[in-house]
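Quick look at upload-v1.txt (compact mmCIF, C-alpha atoms and all ligand atoms):
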```
# COMPACT_ATOMS: atom_id res chain seq x y z
CA MET A 7 121.96 80.88 106.86
CA GLU A 8 118.35 79.82 107.25
CA LEU A 9 115.36 82.08 106.98
CA LYS A 10 114.59 81.95 110.68
CA GLN A 11 118.10 83.21 111.48
CA ILE A 12 117.53 86.41 109.52
CA PRO A 13 116.36 89.15 111.89
CA LYS A 14 113.55 91.59 111.24
CA ILE A 15 115.02 94.41 109.20
CA ARG A 16 114.71 97.71 111.01
CA TYR A 17 115.52 101.32 110.26
CA GLU A 18 118.86 102.21 111.82
CA GLY A 19 119.62 105.37 109.86
CA PRO A 20 122.41 106.40 107.46
CA GLY A 21 125.08 106.02 110.15
CA SER A 22 124.50 102.29 110.55
CA LYS A 23 126.94 99.76 109.12
CA ASN A 24 124.70 96.81 109.87
CA PRO A 25 124.05 95.30 106.42
CA LEU A 26 120.70 93.92 107.60
CA SER A 27 119.17 97.31 108.39
CA PHE A 28 117.49 100.13 106.51
CA LYS A 29 119.59 103.26 106.19
CA TYR A 30 116.95 105.49 104.58
CA TYR A 31 113.65 103.60 104.55
CA ASP A 32 111.92 104.68 107.71
CA ALA A 33 108.37 103.40 107.17
CA GLY A 34 106.64 105.79 109.55
CA ARG A 35 108.53 108.94 108.56
CA LEU A 36 106.19 111.59 107.20
CA ILE A 37 106.94 113.25 103.88
CA ASN A 38 104.41 115.95 102.95
CA GLY A 39 102.03 114.56 105.54
CA LYS A 40 102.11 110.97 104.26
CA SER A 41 104.26 108.14 105.59
CA MET A 42 107.04 106.62 103.51
CA ARG A 43 105.11 103.35 103.71
CA GLU A 44 102.06 104.92 102.06
CA HIS A 45 104.07 106.83 99.47
CA LEU A 46 106.11 103.86 98.34
CA LYS A 47 103.71 100.90 98.65
CA PHE A 48 106.46 98.31 98.19
CA ALA A 49 105.59 94.89 96.80
CA MET A 50 107.56 91.64 96.60
CA SER A 51 107.63 89.82 93.27
CA TYR A 52 106.85 86.16 93.95
CA TRP A 53 108.59 84.89 90.81
CA HIS A 54 111.99 86.41 91.35
CA THR A 55 112.02 86.00 95.11
CA LEU A 56 110.58 82.53 95.60
CA CYS A 57 111.20 80.88 92.22
CA ALA A 58 114.12 82.29 90.17
CA ASP A 59 117.20 80.22 91.00
CA GLY A 60 119.86 82.02 88.98
CA THR A 61 119.48 79.93 85.81
CA ASP A 62 120.76 81.79 82.73
CA MET A 63 121.44 80.97 79.08
CA PHE A 64 124.83 79.55 79.97
CA GLY A 65 124.34 77.88 83.29
CA ARG A 66 122.01 76.17 85.68
CA GLY A 67 120.69 77.56 88.92
CA THR A 68 122.98 78.76 91.68
CA MET A 69 120.33 79.33 94.34
CA ASP A 70 118.29 76.97 96.42
CA LYS A 71 114.68 78.16 96.41
CA SER A 72 113.17 75.07 98.04
CA PHE A 73 112.86 76.63 101.52
CA GLY A 74 113.02 73.32 103.36
CA THR A 75 112.32 69.72 102.47
CA ALA A 76 109.36 68.65 100.38
CA GLU A 77 107.81 65.25 99.62
CA SER A 78 105.81 66.50 96.66
CA ALA A 79 105.49 69.41 94.28
CA MET A 80 102.58 70.75 96.31
CA ASP A 81 104.71 70.66 99.46
CA LEU A 82 107.44 72.59 97.69
CA TYR A 83 105.01 75.37 96.77
CA LYS A 84 103.60 75.38 100.30
CA ASN A 85 107.14 75.90 101.59
CA LYS A 86 107.53 78.79 99.15
CA ALA A 87 104.27 80.32 100.40
CA HIS A 88 105.39 80.20 104.02
CA ALA A 89 108.80 81.61 103.06
CA ALA A 90 107.15 84.38 101.03
CA PHE A 91 105.30 85.70 104.05
CA GLU A 92 108.27 85.34 106.36
CA ILE A 93 110.35 87.35 103.88
CA MET A 94 107.71 90.08 103.57
CA ASP A 95 107.32 90.15 107.31
CA LYS A 96 111.07 90.50 107.95
CA LEU A 97 111.37 93.21 105.28
CA ASP A 98 108.20 94.99 106.40
CA ILE A 99 106.80 94.84 102.85
CA ASP A 100 103.00 95.07 102.72
CA TYR A 101 102.20 93.78 99.23
CA PHE A 102 103.10 91.01 96.82
CA CYS A 103 102.52 90.22 93.13
CA PHE A 104 102.39 86.85 91.43
CA HIS A 105 101.79 84.90 88.23
CA ASP A 106 99.49 81.87 88.51
CA ARG A 107 102.41 79.55 87.78
CA ASP A 108 104.65 81.06 90.47
CA ILE A 109 102.45 80.01 93.35
CA ALA A 110 101.38 76.44 92.45
CA PRO A 111 102.78 73.57 90.40
CA GLU A 112 101.55 73.10 86.87
CA GLY A 113 99.22 70.11 86.35
CA ALA A 114 98.81 68.01 83.21
CA THR A 115 95.53 69.71 82.33
CA ILE A 116 94.11 73.14 83.03
CA GLY A 117 91.71 71.45 85.46
CA ALA A 118 94.61 69.97 87.42
CA CYS A 119 96.40 73.35 87.41
CA ASN A 120 93.28 74.99 88.80
CA GLU A 121 92.94 72.40 91.57
CA ASN A 122 96.53 73.02 92.63
CA LEU A 123 95.88 76.75 92.57
CA ASP A 124 92.77 76.41 94.74
CA GLU A 125 94.68 74.56 97.43
CA ILE A 126 97.53 77.09 97.52
CA VAL A 127 95.20 80.08 97.28
CA SER A 128 93.44 79.04 100.49
CA LEU A 129 96.85 78.79 102.16
CA LEU A 130 97.83 82.23 100.83
CA LYS A 131 94.56 83.65 102.08
CA GLU A 132 95.26 82.30 105.54
CA LEU A 133 98.85 83.62 105.49
CA MET A 134 97.68 87.03 104.28
CA ARG A 135 95.38 87.28 107.27
CA GLN A 136 97.99 86.01 109.69
CA TYR A 137 100.70 88.40 108.49
CA ASP A 138 98.43 91.27 107.42
CA LYS A 139 99.70 91.37 103.82
CA LYS A 140 97.90 92.39 100.63
CA LEU A 141 97.93 91.41 96.97
CA LEU A 142 98.99 94.33 94.75
CA TRP A 143 98.27 92.46 91.53
CA GLY A 144 97.97 89.05 89.99
CA THR A 145 98.67 87.90 86.44
CA ALA A 146 98.76 84.79 84.28
CA ASN A 147 101.98 83.29 82.96
CA CYS A 148 101.03 82.68 79.33
CA PHE A 149 104.58 82.55 78.02
CA ASN A 150 106.60 79.81 79.73
CA HIS A 151 104.88 76.66 78.49
CA PRO A 152 105.82 75.37 74.98
CA ARG A 153 102.17 75.73 73.88
CA TYR A 154 102.77 79.49 73.88
CA ALA A 155 105.65 79.31 71.39
CA HIS A 156 103.58 81.40 68.91
CA GLY A 157 102.08 83.63 71.57
CA ALA A 158 98.92 83.35 73.68
CA ALA A 159 96.14 85.71 72.54
CA THR A 160 98.25 86.33 69.42
CA SER A 161 98.91 82.66 68.68
CA CYS A 162 98.10 81.40 65.18
CA GLU A 163 96.34 78.45 66.88
CA ALA A 164 92.82 79.05 68.20
CA ASP A 165 93.11 76.27 70.81
CA VAL A 166 96.03 78.14 72.34
CA PHE A 167 93.93 81.32 72.49
CA ALA A 168 91.23 79.32 74.29
CA TYR A 169 93.74 77.85 76.72
CA ALA A 170 95.16 81.29 77.50
CA ALA A 171 91.63 82.59 78.05
CA ALA A 172 91.02 79.78 80.55
CA GLN A 173 94.23 80.65 82.34
CA VAL A 174 93.37 84.35 82.46
CA LYS A 175 89.89 83.55 83.80
CA LYS A 176 91.33 81.53 86.65
CA ALA A 177 94.03 84.12 87.38
CA ILE A 178 91.31 86.77 87.61
CA ASP A 179 89.25 84.51 89.89
CA ILE A 180 92.12 84.04 92.32
CA THR A 181 93.08 87.73 92.17
CA ILE A 182 89.51 88.58 93.20
CA GLU A 183 89.53 85.83 95.85
CA LEU A 184 92.68 87.30 97.40
CA GLY A 185 91.37 90.87 97.26
CA GLY A 186 93.98 92.01 94.72
CA SER A 187 93.89 95.71 93.84
CA GLY A 188 95.21 95.13 90.33
CA TYR A 189 95.49 92.71 87.44
CA VAL A 190 98.41 92.90 85.00
CA PHE A 191 98.80 91.95 81.38
CA TRP A 192 102.42 91.80 80.38
CA GLY A 193 102.54 90.73 76.76
CA GLY A 194 104.63 87.57 77.35
CA ARG A 195 105.10 86.24 73.84
CA GLU A 196 102.57 88.62 72.26
CA GLY A 197 104.72 89.76 69.37
CA TYR A 198 106.54 88.26 66.42
CA GLU A 199 109.88 87.01 65.17
CA THR A 200 109.29 87.71 61.48
CA LEU A 201 106.57 89.49 59.52
CA LEU A 202 106.99 86.84 56.80
CA ASN A 203 104.78 84.43 58.76
CA THR A 204 102.64 86.94 60.65
CA ASN A 205 99.11 88.27 60.24
CA MET A 206 99.69 91.32 62.39
CA GLU A 207 96.18 92.65 61.98
CA LEU A 208 94.50 89.46 63.20
CA GLU A 209 96.98 89.08 66.05
CA LEU A 210 96.31 92.61 67.33
CA ASP A 211 92.55 92.19 66.95
CA ASN A 212 92.75 88.95 68.93
CA MET A 213 94.87 90.50 71.62
CA ALA A 214 92.20 93.18 72.06
CA ARG A 215 89.51 90.48 72.09
CA LEU A 216 91.09 88.71 75.04
CA LEU A 217 91.52 91.98 76.94
CA ARG A 218 87.88 92.86 76.41
CA MET A 219 86.73 89.43 77.56
CA ALA A 220 88.90 89.76 80.66
CA VAL A 221 87.51 93.19 81.55
CA GLU A 222 83.91 92.08 81.01
CA TYR A 223 84.37 88.92 83.04
CA ALA A 224 86.25 90.56 85.92
CA ARG A 225 83.86 93.49 86.26
CA ALA A 226 80.87 91.12 86.23
CA HIS A 227 82.52 89.11 89.00
CA GLY A 228 83.20 91.93 91.41
CA PHE A 229 86.73 93.03 90.49
CA THR A 230 87.01 96.71 91.40
CA GLY A 231 90.77 97.11 91.08
CA ASP A 232 92.78 98.42 88.12
CA PHE A 233 93.78 96.60 84.96
CA TYR A 234 97.28 97.33 83.77
CA ILE A 235 99.25 96.73 80.61
CA GLU A 236 102.99 96.50 81.13
CA PRO A 237 104.85 97.78 78.05
CA LYS A 238 108.05 96.12 76.83
CA PRO A 239 109.63 96.53 73.38
CA LYS A 240 111.37 93.18 72.90
CA GLU A 241 112.30 89.95 74.64
CA PRO A 242 111.25 87.25 74.46
CA THR A 243 110.03 88.11 70.94
CA LYS A 244 112.00 90.31 68.57
CA HIS A 245 109.12 92.78 68.53
CA GLN A 246 106.61 92.90 71.40
CA TYR A 247 103.29 94.52 70.47
CA ASP A 248 103.12 96.40 73.79
CA PHE A 249 106.31 98.22 72.73
CA ASP A 250 106.14 101.26 74.99
CA ALA A 251 103.61 103.51 76.72
CA ALA A 252 102.80 105.36 73.48
CA ALA A 253 102.25 102.20 71.44
CA VAL A 254 100.08 100.66 74.16
CA LEU A 255 97.90 103.77 74.43
CA ALA A 256 97.44 103.91 70.67
CA PHE A 257 96.43 100.23 70.70
CA LEU A 258 93.99 100.70 73.59
CA ARG A 259 92.39 103.70 71.90
CA LYS A 260 91.94 101.90 68.61
CA TYR A 261 89.98 99.15 70.35
CA GLY A 262 88.09 101.44 72.74
CA LEU A 263 89.85 99.93 75.77
CA ASP A 264 91.62 103.06 76.99
CA LYS A 265 89.13 103.70 79.80
CA ASP A 266 89.65 100.18 81.13
CA PHE A 267 93.42 100.06 81.40
CA LYS A 268 96.25 101.92 83.06
CA LEU A 269 99.94 101.24 82.62
CA ASN A 270 102.41 99.33 84.76
CA ILE A 271 105.73 100.97 83.91
CA GLU A 272 108.93 98.97 84.34
CA ALA A 273 112.26 100.78 84.46
CA ASN A 274 114.22 98.16 82.53
CA HIS A 275 111.54 97.95 79.83
CA ALA A 276 111.66 101.72 79.38
CA THR A 277 115.40 101.67 78.72
CA LEU A 278 115.08 98.69 76.37
CA ALA A 279 112.63 100.82 74.36
CA GLY A 280 115.20 103.61 74.15
CA HIS A 281 113.42 105.78 76.71
CA THR A 282 114.28 106.84 80.21
CA PHE A 283 112.22 105.42 83.07
CA ALA A 284 110.98 108.96 83.77
CA HIS A 285 109.90 109.40 80.12
CA GLU A 286 107.58 106.40 80.29
CA LEU A 287 106.16 107.55 83.63
CA ARG A 288 105.66 111.07 82.32
CA TYR A 289 103.94 109.80 79.17
CA ALA A 290 101.62 107.62 81.24
CA ARG A 291 100.89 110.43 83.67
CA ILE A 292 100.02 113.14 81.15
CA ASN A 293 97.71 110.68 79.40
CA GLY A 294 95.88 109.81 82.62
CA ALA A 295 97.22 106.26 82.47
CA PHE A 296 99.71 106.18 85.34
CA GLY A 297 98.95 103.09 87.37
CA SER A 298 101.72 101.06 88.90
CA ILE A 299 105.48 100.51 88.71
CA ASP A 300 107.79 97.54 88.28
CA ALA A 301 110.84 98.82 90.10
CA ASN A 302 114.17 97.57 88.81
CA GLN A 303 117.03 98.71 86.61
CA GLY A 304 118.90 97.45 83.56
CA ASP A 305 122.55 97.58 82.67
CA MET A 306 123.58 100.26 80.20
CA LEU A 307 125.93 97.83 78.45
CA LEU A 308 123.53 94.92 78.15
CA GLY A 309 120.63 94.85 75.72
CA TRP A 310 118.28 92.69 77.72
CA ASP A 311 115.98 92.71 80.72
CA THR A 312 118.47 92.11 83.52
CA ASP A 313 115.89 92.99 86.19
CA GLN A 314 118.45 94.26 88.66
CA PHE A 315 117.49 95.72 92.00
CA PRO A 316 117.28 99.50 91.59
CA THR A 317 120.21 101.34 93.16
CA ASN A 318 120.62 104.31 90.80
CA VAL A 319 119.34 107.16 92.94
CA TYR A 320 119.04 109.64 90.05
CA GLU A 321 116.56 107.24 88.49
CA THR A 322 114.59 106.57 91.67
CA ALA A 323 114.46 110.32 92.42
CA LEU A 324 113.12 111.22 88.98
CA CYS A 325 110.69 108.31 89.21
CA MET A 326 109.33 109.45 92.57
CA TYR A 327 109.14 113.01 91.23
CA GLU A 328 106.70 111.70 88.59
CA VAL A 329 104.81 109.70 91.22
CA LEU A 330 104.40 112.80 93.40
CA LYS A 331 103.23 114.78 90.37
CA ALA A 332 100.70 112.05 89.64
CA GLY A 333 99.32 112.50 93.16
CA GLY A 334 100.78 109.21 94.39
CA PHE A 335 99.59 105.65 93.91
CA THR A 336 95.94 104.68 94.18
CA ASN A 337 95.61 100.96 93.47
CA GLY A 338 99.19 100.61 92.27
CA GLY A 339 102.53 100.43 94.03
CA LEU A 340 106.23 99.72 93.62
CA ASN A 341 106.71 96.07 92.76
CA PHE A 342 110.33 94.93 92.86
CA ASP A 343 110.37 93.05 89.57
CA ALA A 344 114.01 92.41 90.35
CA LYS A 345 116.30 89.55 91.20
CA ALA A 346 119.63 89.19 92.92
CA ARG A 347 122.48 88.51 90.48
CA ARG A 348 123.32 84.88 89.71
CA ALA A 349 126.48 85.16 91.80
CA SER A 350 124.59 86.71 94.73
CA MET A 351 123.32 83.29 95.59
CA THR A 352 122.76 83.19 99.33
CA LEU A 353 119.50 83.61 101.17
CA GLU A 354 120.98 86.66 102.84
CA ASP A 355 121.42 88.22 99.38
CA ILE A 356 117.64 88.30 98.94
CA PHE A 357 117.44 90.58 101.96
CA LEU A 358 120.47 92.67 101.03
CA SER A 359 118.95 93.19 97.57
CA TYR A 360 115.57 94.29 98.86
CA ILE A 361 117.22 96.57 101.41
CA ALA A 362 119.26 98.15 98.60
CA GLY A 363 116.14 98.66 96.49
CA MET A 364 113.96 99.96 99.30
CA ASP A 365 116.62 102.34 100.56
CA SER A 366 117.21 103.62 97.02
CA PHE A 367 113.51 104.35 96.62
CA ALA A 368 113.32 105.95 100.06
CA LEU A 369 116.17 108.23 98.97
CA GLY A 370 114.35 108.82 95.70
CA LEU A 371 111.23 109.90 97.57
CA LEU A 372 113.18 112.20 99.91
CA ILE A 373 114.95 113.82 96.97
CA ALA A 374 111.77 114.14 94.91
CA ALA A 375 110.07 115.94 97.81
CA LYS A 376 113.14 118.19 98.07
CA ILE A 377 113.02 118.98 94.34
CA GLU A 378 109.41 120.08 94.78
CA ALA A 379 110.14 122.10 97.92
CA ASP A 380 113.17 123.73 96.30
CA GLY A 381 110.96 124.77 93.41
CA ARG A 382 113.71 125.85 91.01
CA LEU A 383 113.05 123.12 88.45
CA ASP A 384 109.29 123.66 88.43
CA GLU A 385 109.77 127.41 88.27
CA PHE A 386 112.21 127.11 85.38
CA VAL A 387 109.79 125.01 83.36
CA ARG A 388 106.92 127.39 84.13
CA GLU A 389 108.98 130.36 83.00
CA ARG A 390 110.22 128.58 79.89
CA TYR A 391 106.66 128.39 78.56
CA ALA A 392 105.52 131.77 79.90
CA SER A 393 104.89 133.09 76.38
CA TYR A 394 101.74 130.96 76.26
CA LYS A 395 100.23 132.80 79.24
CA SER A 396 99.37 136.00 77.39
CA GLY A 397 99.22 137.67 73.99
CA ILE A 398 99.60 135.51 70.93
CA GLY A 399 100.58 132.48 73.03
CA LEU A 400 97.31 132.65 74.93
CA ASP A 401 95.46 132.98 71.62
CA ILE A 402 97.14 129.75 70.46
CA VAL A 403 96.38 127.65 73.52
CA SER A 404 92.87 129.01 73.96
CA GLY A 405 92.02 128.06 70.40
CA LYS A 406 91.38 131.66 69.32
CA ALA A 407 94.25 131.74 66.81
CA THR A 408 93.91 130.45 63.26
CA LEU A 409 96.48 129.82 60.59
CA GLU A 410 95.48 133.13 58.98
CA SER A 411 95.63 135.17 62.19
CA LEU A 412 99.05 133.71 63.01
CA SER A 413 100.27 134.44 59.50
CA GLU A 414 99.16 138.09 59.83
CA TYR A 415 100.87 138.29 63.21
CA ALA A 416 104.10 136.76 61.87
CA LEU A 417 104.19 139.08 58.85
CA ARG A 418 104.22 142.06 61.24
CA MET A 419 107.02 140.57 63.38
CA GLY A 420 110.08 140.51 61.16
CA GLU A 421 112.93 138.14 62.13
CA VAL A 422 112.25 135.72 65.04
CA LYS A 423 115.20 134.37 67.01
CA PRO A 424 115.21 132.13 70.10
CA LEU A 425 115.34 134.36 73.17
CA THR A 426 115.94 131.91 75.96
CA SER A 427 118.49 129.27 76.94
CA GLY A 428 117.41 125.71 77.82
CA LYS A 429 120.08 125.71 80.57
CA GLN A 430 120.32 121.92 80.76
CA GLU A 431 123.73 121.95 82.44
CA TYR A 432 122.57 124.44 85.03
CA LEU A 433 119.48 122.37 85.82
CA GLU A 434 121.57 119.21 86.13
CA SER A 435 123.79 120.98 88.62
CA VAL A 436 120.73 122.17 90.56
CA LEU A 437 119.66 118.54 90.78
CA ASN A 438 123.10 117.59 92.13
CA GLN A 439 122.95 120.39 94.65
CA ILE A 440 119.52 119.24 95.84
CA MET A 441 120.68 115.63 95.99
CA PHE A 442 124.02 116.04 97.69
CA GLY A 443 123.65 119.25 99.68
CA ASN A 444 126.51 119.82 102.06
CA PHE A 445 129.44 117.48 102.46
C1 LIG B 501 108.94 90.49 82.13
C2 LIG B 501 107.95 91.19 82.91
C3 LIG B 501 107.14 90.33 83.85
C4 LIG B 501 105.90 91.04 84.26
C5 LIG B 501 104.82 90.18 84.82
O1 LIG B 501 109.79 91.08 81.51
O2 LIG B 501 108.55 92.24 83.59
O3 LIG B 501 107.90 89.93 84.95
O4 LIG B 501 106.17 92.06 85.18
O5 LIG B 501 104.42 89.22 83.91
NI NI B 502 107.67 93.46 85.01
NI NI B 503 110.79 92.80 82.91
```
Would you put the structure from the file into structure tokens?
Ligand code: XLS
Ligand code: NI
Ligand code: NI
Amino acid sequence: MELKQIPKIRYEGPGSKNPLSFKYYDAGRLINGKSMREHLKFAMSYWHTLCADGTDMFGRGTMDKSFGTAESAMDLYKNKAHAAFEIMDKLDIDYFCFHDRDIAPEGATIGACNENLDEIVSLLKELMRQYDKKLLWGTANCFNHPRYAHGAATSCEADVFAYAAAQVKKAIDITIELGGSGYVFWGGREGYETLLNTNMELELDNMARLLRMAVEYARAHGFTGDFYIEPKPKEPTKHQYDFDAAAVLAFLRKYGLDKDFKLNIEANHATLAGHTFAHELRYARINGAFGSIDANQGDMLLGWDTDQFPTNVYETALCMYEVLKAGGFTNGGLNFDAKARRASMTLEDIFLSYIAGMDSFALGLLIAAKIEADGRLDEFVRERYASYKSGIGLDIVSGKATLESLSEYALRMGEVKPLTSGKQEYLESVLNQIMFGNF
């Protein structure tokens, strides 16, 4: 099947058996006064959708991502650009995200790379206007090329640091040029394989140096969007410095960069770090660092970043619950950092995958709104901490209590036993009841 044979994907409702239709994602449907489109802010990942061809450690590509015939490398990337916008248009996705090296062929020098980028960026700009699409965020791929074997900003070689800086500068320039509302730093190869050869202190200082330069440059050149760090604990390196939300926030605070960055939380990275997706979102939210989301899911039995399209509705529901609690997205959105499986190799599979992901997040949003409306979970949590609303609890949270006053209080109390049940099983069954309702 060719791209032009794929119809525009439309909402047909849960009763439809047409694979090329949305069952739950109804863009205009209002949830709490806001359309699903505005709540979810879906984005297409350029790398997985237009570039990844199914190559894995044990086998070559299974998918043809050439999107027509091409005489030259530039033509190939122009074909990808046209296909990108046709795909977004057919899926009714408003945003996209890219790395510099996804959109244009690499040249022999950074100058040649930049020239290629300029030519494609003007095409993208034209296509964005034509199709009315927006850039959610841009980033630089400072991990694929062999020069980055030791890292980019954390490389032991200063020339590599300089090269990465040049790449980041250009990626910021084109993000600004395309009106991007965000710029992402995912730590690529910023980490280590062994401490035996690693000056961790210098590497972390240098990583912060590049981030500071990027912020200063971008702000001086009119970038008003958000900067994000995307945590990930491992892969490709054994230990990635941006391990998880907590490690990233500690790093940002040490270098005084916490006001300049928010977090881009990826589901599969959360689970690799031994956290749930919701944990990472919650941690970002309560620290005022919730920014954007890379929507995908991992496989419980595999220890790597499988980047599968999200279909686990418990996960999408608890994710959207956090998003609602955060007051929704501002500059961020839901980027499908996800790829069809190697064996799902047809063009149609790209659409079936996005439909699966978008419908799963639409369900997640509907359920999250129902959890809020139902109120039992919120009420339970409120009640569970009620002892801090008055008496000694209020003294503790208001800062009135001291170690001495609490000691005096405790000496008068006698034995203290837990009074309440955590009722986890009950709450899990409430969630099921909200999710599944009547059958
Ligand atoms: C890789 C990351 C990457 C970032 C963008 O694991 O998820 O795709 O999202 O560089
Ligand atoms: Ni990602
Ligand atoms: Ni990832």
Q. Residues within 10 Å of ligand NI 502 (chain B) (all atoms listed in the file), as a ChimeraX atom specification?
A. /A:51,190-192,236-238,270-275,299-302,311,313,341-344
Answer as a short mmCIF file (atom, residue, chain, number, x, y, z; two decimals) with C-alpha atoms, keeping the file's coordinate frame, residues within 9 Å of (101.6, 76.7, 80.2) using all atoms listed in the file:
```cif
data_model
loop_
_atom_site.label_atom_id
_atom_site.label_comp_id
_atom_site.auth_asym_id
_atom_site.auth_seq_id
_atom_site.Cartn_x
_atom_site.Cartn_y
_atom_site.Cartn_z
CA ARG A 107 102.41 79.55 87.78
CA GLU A 112 101.55 73.10 86.87
CA ILE A 116 94.11 73.14 83.03
CA ASN A 147 101.98 83.29 82.96
CA CYS A 148 101.03 82.68 79.33
CA PHE A 149 104.58 82.55 78.02
CA ASN A 150 106.60 79.81 79.73
CA HIS A 151 104.88 76.66 78.49
CA PRO A 152 105.82 75.37 74.98
CA ARG A 153 102.17 75.73 73.88
CA TYR A 154 102.77 79.49 73.88
CA TYR A 169 93.74 77.85 76.72
CA ALA A 170 95.16 81.29 77.50
CA GLN A 173 94.23 80.65 82.34
#
```
(Q) Env of A:Tyr198: 9 Å cut, atoms = all atoms listed in the file, seq-sep filter 4 positions within chain, self excluded. Answer as number ranges by chain. (A) A: 156-157, 203-204, 206, 243-247
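Of the listed residues (A:Glu132, A:Glu163, A:Glu241, A:Glu8), A:Glu241 comes nearest to ligand NI 503 (chain B); the distances count only C-alpha atoms and all ligand atoms.
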Can you pull out every residue within 7 Å of stretch 21-35 of chain A, counting all atoms listed in the file, but drop anything in the same chain fewer than 5 positions away, and send it as an mmCIF file with C-alpha atoms, in the coordinates of the input?
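What ended up in selection_26.cif:
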```
data_model
loop_
_atom_site.group_PDB
_atom_site.id
_atom_site.type_symbol
_atom_site.label_atom_id
_atom_site.label_comp_id
_atom_site.auth_asym_id
_atom_site.auth_seq_id
_atom_site.Cartn_x
_atom_site.Cartn_y
_atom_site.Cartn_z
ATOM 1 C CA ILE A 15 115.020 94.410 109.200
ATOM 2 C CA ARG A 16 114.710 97.710 111.010
ATOM 3 C CA SER A 41 104.260 108.140 105.590
ATOM 4 C CA MET A 42 107.040 106.620 103.510
ATOM 5 C CA ARG A 43 105.110 103.350 103.710
ATOM 6 C CA LEU A 358 120.470 92.670 101.030
ATOM 7 C CA ILE A 361 117.220 96.570 101.410
ATOM 8 C CA MET A 364 113.960 99.960 99.300
ATOM 9 C CA ASP A 365 116.620 102.340 100.560
ATOM 10 C CA ALA A 368 113.320 105.950 100.060
ATOM 11 C CA LEU A 369 116.170 108.230 98.970
#
```
**Q.** Separation of atom CA of A:Lys96 from atom CA of A:Met50, in Å and rounded to one decimal
**A.** 11.9 Å
Q) Pick the closest to A:Gly280 from A:Phe335, A:Tyr52, A:Tyr83, A:Trp310: which is it, counting all atoms listed in the file? A)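 For A:Gly280, the nearest of the candidates is A:Trp310.
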Q: Could you tell me how far atom CA of A:Gln430 lies from atom CA of A:Arg390, in Å and to one decimal?
A: 12.1 Å
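Between atom CA of A:Arg382 and atom CA of A:Asn438 the separation is 12.6 Å.
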Q. From the list A:Gly405, A:Pro13, A:Gly397, A:Pro242, which residue is nearest ligand NI 503 (chain B) when using all atoms listed in the file?
A.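 Result for the nearest residue to ligand NI 503 (chain B): A:Pro242.
Proximity of A:Gly294, A:Pro424, A:Gly67, A:Gly304 to ligand LIG 501 (chain B), computed with all atoms listed in the file, is greatest for A:Gly304.
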Hey, can I get the axis-aligned box for ligand LIG 501 (chain B)? All listed atoms, 6 Å padding on each side, centre and edge lengths in Å to one decimal, as AutoDock Vina command-line options.
```
--center_x 107.1 --center_y 90.7 --center_z 83.3 --size_x 17.4 --size_y 15.0 --size_z 15.7
```
Q. Can you tell me, as a list of chain:residue names, what residues are no more than 8 Å from stretch 250-264 of chain A when counting only C-alpha atoms, ignoring any on the same chain fewer than 3 positions away?
A. A:Ala214, A:Arg218, A:Ile235, A:Pro237, A:Lys238, A:Pro239, A:Tyr247, A:Phe267, A:Lys268, A:Leu269, A:Ile271, A:His275, A:Ala276, A:Ala279, A:Glu286, A:Tyr289, A:Ala290
**Q.** Using all atoms listed in the file: which of A:Thr312, A:Thr160, A:Ser187, A:Asn85 has the shortest distance to ligand NI 503 (chain B)
**A.** A:Thr312
(Q) Counting only C-alpha atoms, which residue out of A:Trp53, A:Leu308, A:Asp70, A:Gln11 sits closest to A:Thr352? (A)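 Among the listed residues, A:Asp70 lies closest to A:Thr352.
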**Q.** Spatial neighbours of stretch 223-229 of chain A, max dist 8 Å, only C-alpha atoms, sep filter under 2 positions, as a list in words
**A.** Lys175, Ile178, Asp179, Ile182, Met219, Ala220, Val221 and Gly231 of chain A
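Within 12 Å of A:His54, once all atoms listed in the file are used and residues closer than 6 positions along the same chain are dropped, the contacting residues are Gly60, Thr61, Met69, Lys71, Lys86, Ala90, Phe102, Cys103, Phe104, His105, Asp108, Ile109, Asn302, Thr312, Asp313, Gln314, Phe315, Asn341, Phe342, Asp343, Ala344, Lys345, Ala346, Arg347, Arg348, Ile356, Ser359 and Tyr360 of chain A.
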